[in-house]
Structure formats: C-alpha cells, structure tokens
Amino acid sequence: MKCPHCLTEFHDNRIETSLGRDRDGEWVLLKQDCPACKRMVLAIGAYDVGQAQNGSFYRQGQKQAYLVRPRVANRPPPPPEVPATFAEDFREACLVIGDSPKASAALSRRCLQHLLREIAKVKPGNLANEIQEAIDSGKLPSHIAESIDAIRNIGNFAAHPMKSTSSGEVLPVGAGEAEWNLDVLEGLFDFYFVQPAVLKKKRDALNAKLQQAGKPPMK
Ligand SMILES: [Zn+2]
C-alpha cells in the first residue's frame, strides 16, 4: 500500500484489533506501520456479522474502512526545499480541506500572501494588490502569473473584499477554490524553491568539473 503520510509504497503489515459488535457489524481497528516515515496509519472498519444456527457469530465481508490517521491524504508533502513556515501552512491547508474548504482556503491564501511578501518582495497591502504587483513585476513565468491571477478571479475578491484585505479570515469559498489555491502554491513552490535548487546543483557539478580541468568556474 501507499503510505498516506509520506506516499511511499510499503508492504501490507496490518494488525487488526477487534473492538466488538454492534447492530451494524463487528468493528475493528486497523493499524499499519510505515517503515519509511515511521508513522502509524490507523483506520476503523467494520465486518458484516452473520449468526450461525448454533448462535455463534461469524464475520462476512468487510465494509469500507475509514482513515483515522492521517485524516486525509490527497497531496504529496511539499518538497524539502520549501522553507518550514510555508510548508507548514500548506500541509495544514491540505489536511483540513476535506472537512473545511473554507479553513483550507484561508490557510492557502495566507501562505500565498507570505510567499509574495517574503520571496517576491511585494509591498504589503491587500492580497489582491499584492497579486497585481507580483504579476506586474514581470518576474513570474506567464503560466504562474495567470494562475495566481485566477486565485483573485475564482475567489471573487470583488464580491468578498474581506478575502483580499485579511487573508487569514474564514470566508465562504466556491467549489474548487480551495483545491485551486493548493495547485497554485505547488507551482509557486516549484518556481521559487525547487527549480533554483536544481540549477544550483547542476552549476556546482559543472564547476567541480571545470575546476578539475583547471578552468575558471562559470559565473
Ligand atoms: Zn510513511
């Protein structure tokens, strides 16, 4: 199975503990240990129960098991190059999205705002203006510029001015908005943190070769 914490594949090692019967079936706790991230994966499931002629109960097929820990697994964790402050908001926005898209969108908007302020160096204002400034700077590849522009449009900041003024506020979100915000953050993480790290690694490797050959490093 794939670990819902870290998305690494591992061999099924489930241990099942019976919790007892009620009118809906026999409830079990399913526990698996992920050898990669050393976290437990816990689920609650139920078997249909039949009764034999001698009165004893027996298990039939298993009903769906509900994941208890982690609550949801919908996206890979942010790449290790992403600084902790951004990674934390992103991870939390992913975790709560199933229960509360509103809370998720509030977290992802906050994460976007921090990114724009701290990495894109926009003037702190409201999120709508900050997005505009980042787009106007011309430093973003066009597909990323368009995707953050869409955060404003989908979020309908004009109808919900609070969304653009206080990004941490919990406000109504349209269908798909919370997911879209996370998609956009993934793109920004790649652009701001992952790609530069990849380039640096390649440049360092090339410079090491140049140095061995007695040539000056590339700038
Ligand atoms: Zn794991």
# chains A, B, ... in the order shown; residues from 1 in each chain; ligands from 1

$ select_by_dssp --residues "chain A" --states "helix (DSSP H, G or I)" --output "tab-separated table (two decimals) with C-alpha atoms, in the first residue's frame"
chain	number	residue	atom	x	y	z
A	84	ALA	CA	9.23	25.38	7.06
A	85	THR	CA	7.00	28.43	7.51
A	86	PHE	CA	5.45	27.96	4.05
A	87	ALA	CA	5.45	24.17	4.18
A	88	GLU	CA	3.52	24.19	7.46
A	89	ASP	CA	0.63	26.33	6.20
A	90	PHE	CA	0.48	24.28	3.02
A	91	ARG	CA	0.41	20.97	4.86
A	92	GLU	CA	-2.31	22.19	7.17
A	93	ALA	CA	-4.37	23.55	4.26
A	94	CYS	CA	-4.16	20.05	2.70
A	95	LEU	CA	-5.14	18.33	5.92
A	96	VAL	CA	-8.31	20.29	6.59
A	101	PRO	CA	-12.60	24.02	2.36
A	102	LYS	CA	-13.10	27.45	3.94
A	103	ALA	CA	-10.42	26.92	6.53
A	104	SER	CA	-8.17	25.40	3.89
A	105	ALA	CA	-8.57	28.38	1.56
A	106	ALA	CA	-7.88	30.78	4.42
A	107	LEU	CA	-4.62	28.96	5.14
A	108	SER	CA	-3.57	28.76	1.49
A	109	ARG	CA	-4.32	32.45	0.95
A	110	ARG	CA	-2.22	33.26	3.97
A	111	CYS	CA	0.58	31.08	2.63
A	112	LEU	CA	0.38	32.83	-0.75
A	113	GLN	CA	0.50	36.22	0.93
A	114	HIS	CA	3.61	35.31	2.93
A	115	LEU	CA	5.26	33.99	-0.23
A	116	LEU	CA	4.51	37.16	-2.16
A	117	ARG	CA	5.75	39.38	0.65
A	118	GLU	CA	8.84	37.48	1.67
A	127	LEU	CA	-3.83	40.26	-1.28
A	128	ALA	CA	-5.49	41.49	-4.50
A	129	ASN	CA	-2.98	44.34	-4.85
A	130	GLU	CA	-0.09	42.10	-3.86
A	131	ILE	CA	-1.04	39.64	-6.59
A	132	GLN	CA	-1.23	42.53	-9.07
A	133	GLU	CA	2.20	43.77	-8.07
A	134	ALA	CA	3.71	40.29	-8.44
A	135	ILE	CA	2.17	39.97	-11.92
A	136	ASP	CA	3.28	43.47	-12.94
A	142	SER	CA	3.35	33.56	-17.66
A	143	HIS	CA	1.64	30.34	-16.57
A	144	ILE	CA	2.29	31.16	-12.92
A	145	ALA	CA	1.21	34.77	-13.34
A	146	GLU	CA	-2.04	33.55	-14.86
A	147	SER	CA	-2.60	31.00	-12.13
A	148	ILE	CA	-2.25	33.49	-9.28
A	149	ASP	CA	-4.44	35.92	-11.20
A	150	ALA	CA	-7.06	33.17	-11.23
A	151	ILE	CA	-6.93	32.99	-7.42
A	152	ARG	CA	-8.32	36.51	-7.40
A	153	ASN	CA	-10.94	35.74	-10.02
A	154	ILE	CA	-12.12	32.41	-8.63
A	155	GLY	CA	-12.04	33.82	-5.11
A	161	PRO	CA	-13.37	42.33	-0.28
A	162	MET	CA	-12.50	40.82	3.11
A	163	LYS	CA	-10.75	37.98	1.33
A	164	SER	CA	-8.27	40.37	-0.16
A	165	THR	CA	-7.77	42.53	2.92
A	177	GLU	CA	-11.31	27.31	-4.92
A	178	ALA	CA	-9.54	25.62	-2.06
A	179	GLU	CA	-8.10	22.95	-4.38
A	180	TRP	CA	-7.05	25.54	-6.90
A	181	ASN	CA	-5.17	27.54	-4.27
A	182	LEU	CA	-3.18	24.43	-3.36
A	183	ASP	CA	-2.40	23.73	-7.03
A	184	VAL	CA	-1.10	27.26	-7.41
A	185	LEU	CA	1.01	27.03	-4.27
A	186	GLU	CA	2.60	23.84	-5.59
A	187	GLY	CA	3.54	25.71	-8.76
A	188	LEU	CA	5.00	28.60	-6.80
A	189	PHE	CA	6.99	26.29	-4.53
A	190	ASP	CA	8.49	24.68	-7.59
A	191	PHE	CA	9.35	28.03	-9.16
A	192	TYR	CA	10.75	29.74	-6.05
A	193	PHE	CA	12.46	26.86	-4.25
A	194	VAL	CA	12.79	23.63	-6.23
A	195	GLN	CA	13.98	24.86	-9.63
A	196	PRO	CA	16.68	27.19	-8.21
A	197	ALA	CA	17.98	24.31	-6.07
A	198	VAL	CA	18.13	22.01	-9.12
A	199	LEU	CA	20.01	24.65	-11.11
A	200	LYS	CA	22.45	25.28	-8.29
A	201	LYS	CA	23.20	21.57	-8.03
A	202	LYS	CA	23.91	21.38	-11.75
A	203	ARG	CA	26.07	24.51	-11.66
A	204	ASP	CA	28.06	23.18	-8.71
A	205	ALA	CA	28.64	19.88	-10.52
A	206	LEU	CA	29.78	21.68	-13.65
A	207	ASN	CA	32.09	23.95	-11.67
A	208	ALA	CA	33.65	20.96	-9.96
A	209	LYS	CA	34.45	19.50	-13.39
A	210	LEU	CA	35.80	22.82	-14.65
A	211	GLN	CA	37.99	23.11	-11.60
A	212	GLN	CA	39.38	19.62	-12.14

$ closest_atom_pairs --of "chain A" --to "ligand 1" --cutoff "12 Å" --atoms "only C-alpha atoms and all ligand atoms" --output "Markdown table"
| residue | atom | partner | partner_atom_place_in_ligand_line | distance |
| --- | --- | --- | --- | --- |
| A:Met1 | CA | ligand 1 | 1 (Zn) | 10.2 |
| A:Lys2 | CA | ligand 1 | 1 (Zn) | 7.9 |
| A:Cys3 | CA | ligand 1 | 1 (Zn) | 4.6 |
| A:Pro4 | CA | ligand 1 | 1 (Zn) | 6.6 |
| A:His5 | CA | ligand 1 | 1 (Zn) | 4.9 |
| A:Cys6 | CA | ligand 1 | 1 (Zn) | 4.2 |
| A:Leu7 | CA | ligand 1 | 1 (Zn) | 6.2 |
| A:Thr8 | CA | ligand 1 | 1 (Zn) | 5.8 |
| A:Glu9 | CA | ligand 1 | 1 (Zn) | 8.1 |
| A:Phe10 | CA | ligand 1 | 1 (Zn) | 8.3 |
| A:His11 | CA | ligand 1 | 1 (Zn) | 11.4 |
| A:Gln32 | CA | ligand 1 | 1 (Zn) | 9.9 |
| A:Asp33 | CA | ligand 1 | 1 (Zn) | 7.9 |
| A:Cys34 | CA | ligand 1 | 1 (Zn) | 4.6 |
| A:Pro35 | CA | ligand 1 | 1 (Zn) | 6.6 |
| A:Ala36 | CA | ligand 1 | 1 (Zn) | 5.0 |
| A:Cys37 | CA | ligand 1 | 1 (Zn) | 4.0 |
| A:Lys38 | CA | ligand 1 | 1 (Zn) | 6.2 |
| A:Arg39 | CA | ligand 1 | 1 (Zn) | 5.8 |
| A:Met40 | CA | ligand 1 | 1 (Zn) | 7.9 |
| A:Val41 | CA | ligand 1 | 1 (Zn) | 8.2 |
| A:Leu42 | CA | ligand 1 | 1 (Zn) | 12.0 |
| A:Arg69 | CA | ligand 1 | 1 (Zn) | 11.4 |
| A:Pro70 | CA | ligand 1 | 1 (Zn) | 10.2 |
| A:Ala73 | CA | ligand 1 | 1 (Zn) | 11.1 |
| A:Pro76 | CA | ligand 1 | 1 (Zn) | 11.0 |
| A:Pro77 | CA | ligand 1 | 1 (Zn) | 10.9 |

$ select_by_dssp --residues "range 42-215 of chain A" --states "strand (DSSP E)" --output "list in words"
Leu42, Ala43, Ile44, Gly45, Ala46, Tyr47, Asp48, Val49, Gly50, Gln51, Phe57, Tyr58, Arg59, Gln60, Gly61, Gln62, Tyr66, Leu67, Val68 and Arg69 of chain A
